[in-house]
Amino acid sequence: MVNPQAQTTTHFMDILNHLFEQHFHAPVTQVQPLQGQLGGSGRKIVRLAGEKTSAIGILYDVREENAAFLEFSRHFRKHGLPVPEIYAQDLDHGAYLEEDLGDTSLFEFLSKHRSGEQIAAPVVDAYRKVIATLPRFQVEAGRDLNYKVCYPRGSFDRQSIAWDLNYFKYYFLRLAGIPFSEQALEDDFSRLTKFLLSAGRDYFLYRDFQSRNIMLRDGQPYFLDYQGGRKGALQYDVASLLYDAKADLPPDLRQQLLDHYLDTLGGFIDLKRDAFMKYYYAYVYIRIMQALGAYGFRGFYERKVHFLQSVPYALKNLRWLLHNVTLPIALPTLMDAFHSMLASEKLQGLASDADNLVVRIVSFSFHRGLPKDESGNGGGFIFDGRSLPNPGREDRFKLLTGRDAPVIDYLNQQESVHQFLASVMSLVDASVSNYQQRGFKNLMVSFGCTGGQHRSVYLAEQVAKRLRGRSGIEVVLQHRELERMAAENSAAEKAAQ
């Protein structure tokens, strides 16, 4: 049975290939899937490479959002801002081609160059460059931007704030089991909204100004994912960067960067710091609530548990705010909810899990591309099991997998398999120990073979078995091709009914 989704993906890849060849006058020789759903947005992202150049291809079926990104990109480049060049587009098919800015995000750079709260000087320098560029987006480029293309709203207005607050209420508070009075919380939301809207809001609001949306190339920052931008207050974006949950910036560094931002902003507008700070922490709160709503929706509701790994860091930020900040308005019910979140056994369980090193082990088929790293770490191992004896060549094993006893027995009898696993474990053990010492939170270990059914599954199971039970380690095991086959079989059964 033909998979309609596979047909659609193939069709869109043909469009991207055509855009690449049309622009570079050369064929695509390699396609590399990148993070398939960036931040859970649903966009498909691939790197297309020819013999001499590469580009990033985007597939997304929301025309208005694509149009906003493309127009904003051209506008920002006109103002000399470091954003990707748009090479080609086909809005009718939800496809466009943009400049390849490499693989190192600010978040990845931070993760690789820190030990607990000790952050290396080059990372601080990168953050200073980023924070100094923000006013150019907000003020300089924001003055003559065409806000008519903004999607879904032209400004961060009452409706936008209501969406964020309700997202937090229904997908985080409700699903986390935090008790609250509906009407009393709505009264607090109304007061908070009125206060937020009394700040100056005649600037470009990037909306998702955080460390995963900033790439570093040759030490210089480049900016992505501003398609949700709209008119709004200055405070929101700097709050987004400095209270970016998993970045977990120390409070003293946050203050240094905020001071640097305000010093730079003073070169663009007549800045009154007291007036800015009057609203700043209220915008910090709403940004944290927006993020928690997203974590709750993706984690509690959609069961994508890796999103919940960010919750403890957001709670850490809330704890600091509750101890160090007093807002100019009273929000008693909301503050009670925050205190209940910090005391919640359910959320404390997430906090203890967050101290672990998460080792994600994946089996896959090389024919279907490399697995995606959704942690943002960007490191780890990909081991090629195709040099090992292949059970799939024998009829007795064709319908079995690397989890079935006959296949396990067969591979256990092969000396080359034991040698392979010994080498793998030596490398993985060394990285696990180093990552734990340095406070890293994610390591990915992937095993590929021809079909992703026998050898890679067996190897992934064996390594997961050896790592489980170790102190401070959480093992997440995924058999990508087995999951895909199960989903296809289920769909075929439904179609036949």
# chains A, B, ... in the order shown; residues from 1 in each chain; ligands from 1

$ residues_around --residues "Gln22 in chain A" --least-positions-apart "5" --cutoff "12 Å" --atoms "only C-alpha atoms" --output "number ranges by chain"
A: 15-17, 27-28, 87-90, 97

$ select_by_dssp --residues "range 140-278 of chain A" --states "strand (DSSP E)" --output "PyMOL selection string"
chain A and resi 203-205+214-217+220-223+230-232

$ atom_distance --atom1 "CA of Pro371 in chain A" --atom2 "CA of Val359 in chain A"
14.2 Å

$ closest_atom_pairs --of "range 359-421 of chain A" --to "range 467-478 of chain A" --cutoff "9 Å" --atoms "only C-alpha atoms" --output "tab-separated table"
residue	atom	partner	partner_atom	distance
A:Val359	CA	A:Val475	CA	5.0
A:Arg360	CA	A:Val476	CA	4.7
A:Ile361	CA	A:Leu477	CA	4.8
A:Val362	CA	A:Gln478	CA	4.8
A:Ser363	CA	A:Gln478	CA	6.5
A:Phe364	CA	A:Gln478	CA	8.9

$ write_last_selection --atoms "N, CA and C atoms" --output "short mmCIF file (atom, residue, chain, number, x, y, z; two decimals), in the first residue's frame"
data_model
loop_
_atom_site.label_atom_id
_atom_site.label_comp_id
_atom_site.auth_asym_id
_atom_site.auth_seq_id
_atom_site.Cartn_x
_atom_site.Cartn_y
_atom_site.Cartn_z
N VAL A 359 20.38 9.93 28.12
CA VAL A 359 21.05 9.27 27.00
C VAL A 359 19.97 8.72 26.08
N ARG A 360 19.85 9.32 24.92
CA ARG A 360 18.84 8.90 23.95
C ARG A 360 19.48 7.93 22.98
N ILE A 361 18.96 6.72 22.92
CA ILE A 361 19.53 5.67 22.08
C ILE A 361 18.52 5.36 20.97
N VAL A 362 18.98 5.42 19.73
CA VAL A 362 18.08 5.31 18.57
C VAL A 362 18.61 4.26 17.61
N SER A 363 17.72 3.41 17.11
CA SER A 363 18.07 2.54 15.98
C SER A 363 17.38 3.09 14.74
N PHE A 364 18.05 2.93 13.58
CA PHE A 364 17.49 3.52 12.36
C PHE A 364 18.05 2.83 11.12
#

$ residues_around --residues "range 412-425 of chain A" --least-positions-apart "4" --cutoff "7 Å" --atoms "only C-alpha atoms" --output "ChimeraX atom specification"
/A:388,408,429

$ closest_residue --among "A:Tyr127, A:Tyr435, A:Phe381, A:Phe297" --to "Gly448 in chain A" --atoms "only C-alpha atoms"
A:Phe381

$ residues_around --residues "range 167-170 of chain A" --least-positions-apart "5" --cutoff "9 Å" --atoms "only C-alpha atoms" --output "MDAnalysis selection string"
chainID A and resid 162 175 185 289:294 296:297

$ closest_residue --among "A:Ile214, A:Ala486, A:Val457, A:Cys449" --to "Ser387 in chain A" --atoms "only C-alpha atoms"
A:Cys449

$ atom_distance --atom1 "CA of Pro179 in chain A" --atom2 "CA of Tyr301 in chain A"
17.9 Å

$ select_by_dssp --residues "range 249-412 of chain A" --states "alpha helix (DSSP H)" --output "PyMOL selection string"
chain A and resi 251-265+273-296+311-324+332-343+345-354+405-412

$ closest_residue --among "A:His23, A:Arg158, A:His454, A:His113" --to "Arg393 in chain A" --atoms "only C-alpha atoms"
A:His454

$ closest_residue --among "A:Ser211, A:Thr401, A:Gln453, A:Gln348" --to "Glu108 in chain A" --atoms "only C-alpha atoms"
A:Ser211

$ residues_around --residues "Pro250 in chain A" --least-positions-apart "6" --cutoff "9 Å" --atoms "only C-alpha atoms" --output "list in words"
Glu117, Gln118 and Ile119 of chain A

$ residues_around --residues "Lys272 in chain A" --least-positions-apart "5" --cutoff "10 Å" --atoms "only C-alpha atoms" --output "JSON, numbers by chain"
{"A": [262, 266, 277]}

$ write_last_selection --atoms "N, CA and C atoms" --output "PDB file, in the first residue's frame"
ATOM      1  N   LEU A 262      20.515  47.731  27.699  1.00  0.00           N
ATOM      2  CA  LEU A 262      19.982  49.077  27.943  1.00  0.00           C
ATOM      3  C   LEU A 262      20.978  50.149  27.504  1.00  0.00           C
ATOM      4  N   GLY A 266      19.980  52.771  24.488  1.00  0.00           N
ATOM      5  CA  GLY A 266      20.028  54.217  24.676  1.00  0.00           C
ATOM      6  C   GLY A 266      20.605  54.966  23.487  1.00  0.00           C
ATOM      7  N   MET A 277      12.222  49.540  33.318  1.00  0.00           N
ATOM      8  CA  MET A 277      12.238  48.517  34.357  1.00  0.00           C
ATOM      9  C   MET A 277      10.893  48.369  35.056  1.00  0.00           C
TER      10      MET A 277
END

$ residues_around --residues "range 395-398 of chain A" --least-positions-apart "5" --cutoff "12 Å" --atoms "only C-alpha atoms" --output "number ranges by chain"
A: 390, 403-411, 451, 453-455

$ atom_distance --atom1 "CA of Asp125 in chain A" --atom2 "CA of Arg273 in chain A"
23.4 Å

$ closest_atom_pairs --of "range 118-137 of chain A" --to "range 224-244 of chain A" --cutoff "9 Å" --atoms "only C-alpha atoms" --output "CSV"
residue,atom,partner,partner_atom,distance
A:Ile131,CA,A:Val238,CA,7.5
A:Leu134,CA,A:Val238,CA,7.9
A:Pro135,CA,A:Leu234,CA,8.4

$ closest_residue --among "A:Lys194, A:Lys52, A:His93, A:Arg43" --to "Phe12 in chain A" --atoms "only C-alpha atoms"
A:His93

$ closest_residue --among "A:Leu399, A:Leu308, A:Ala68, A:Leu350" --to "Asn146 in chain A" --atoms "only C-alpha atoms"
A:Ala68
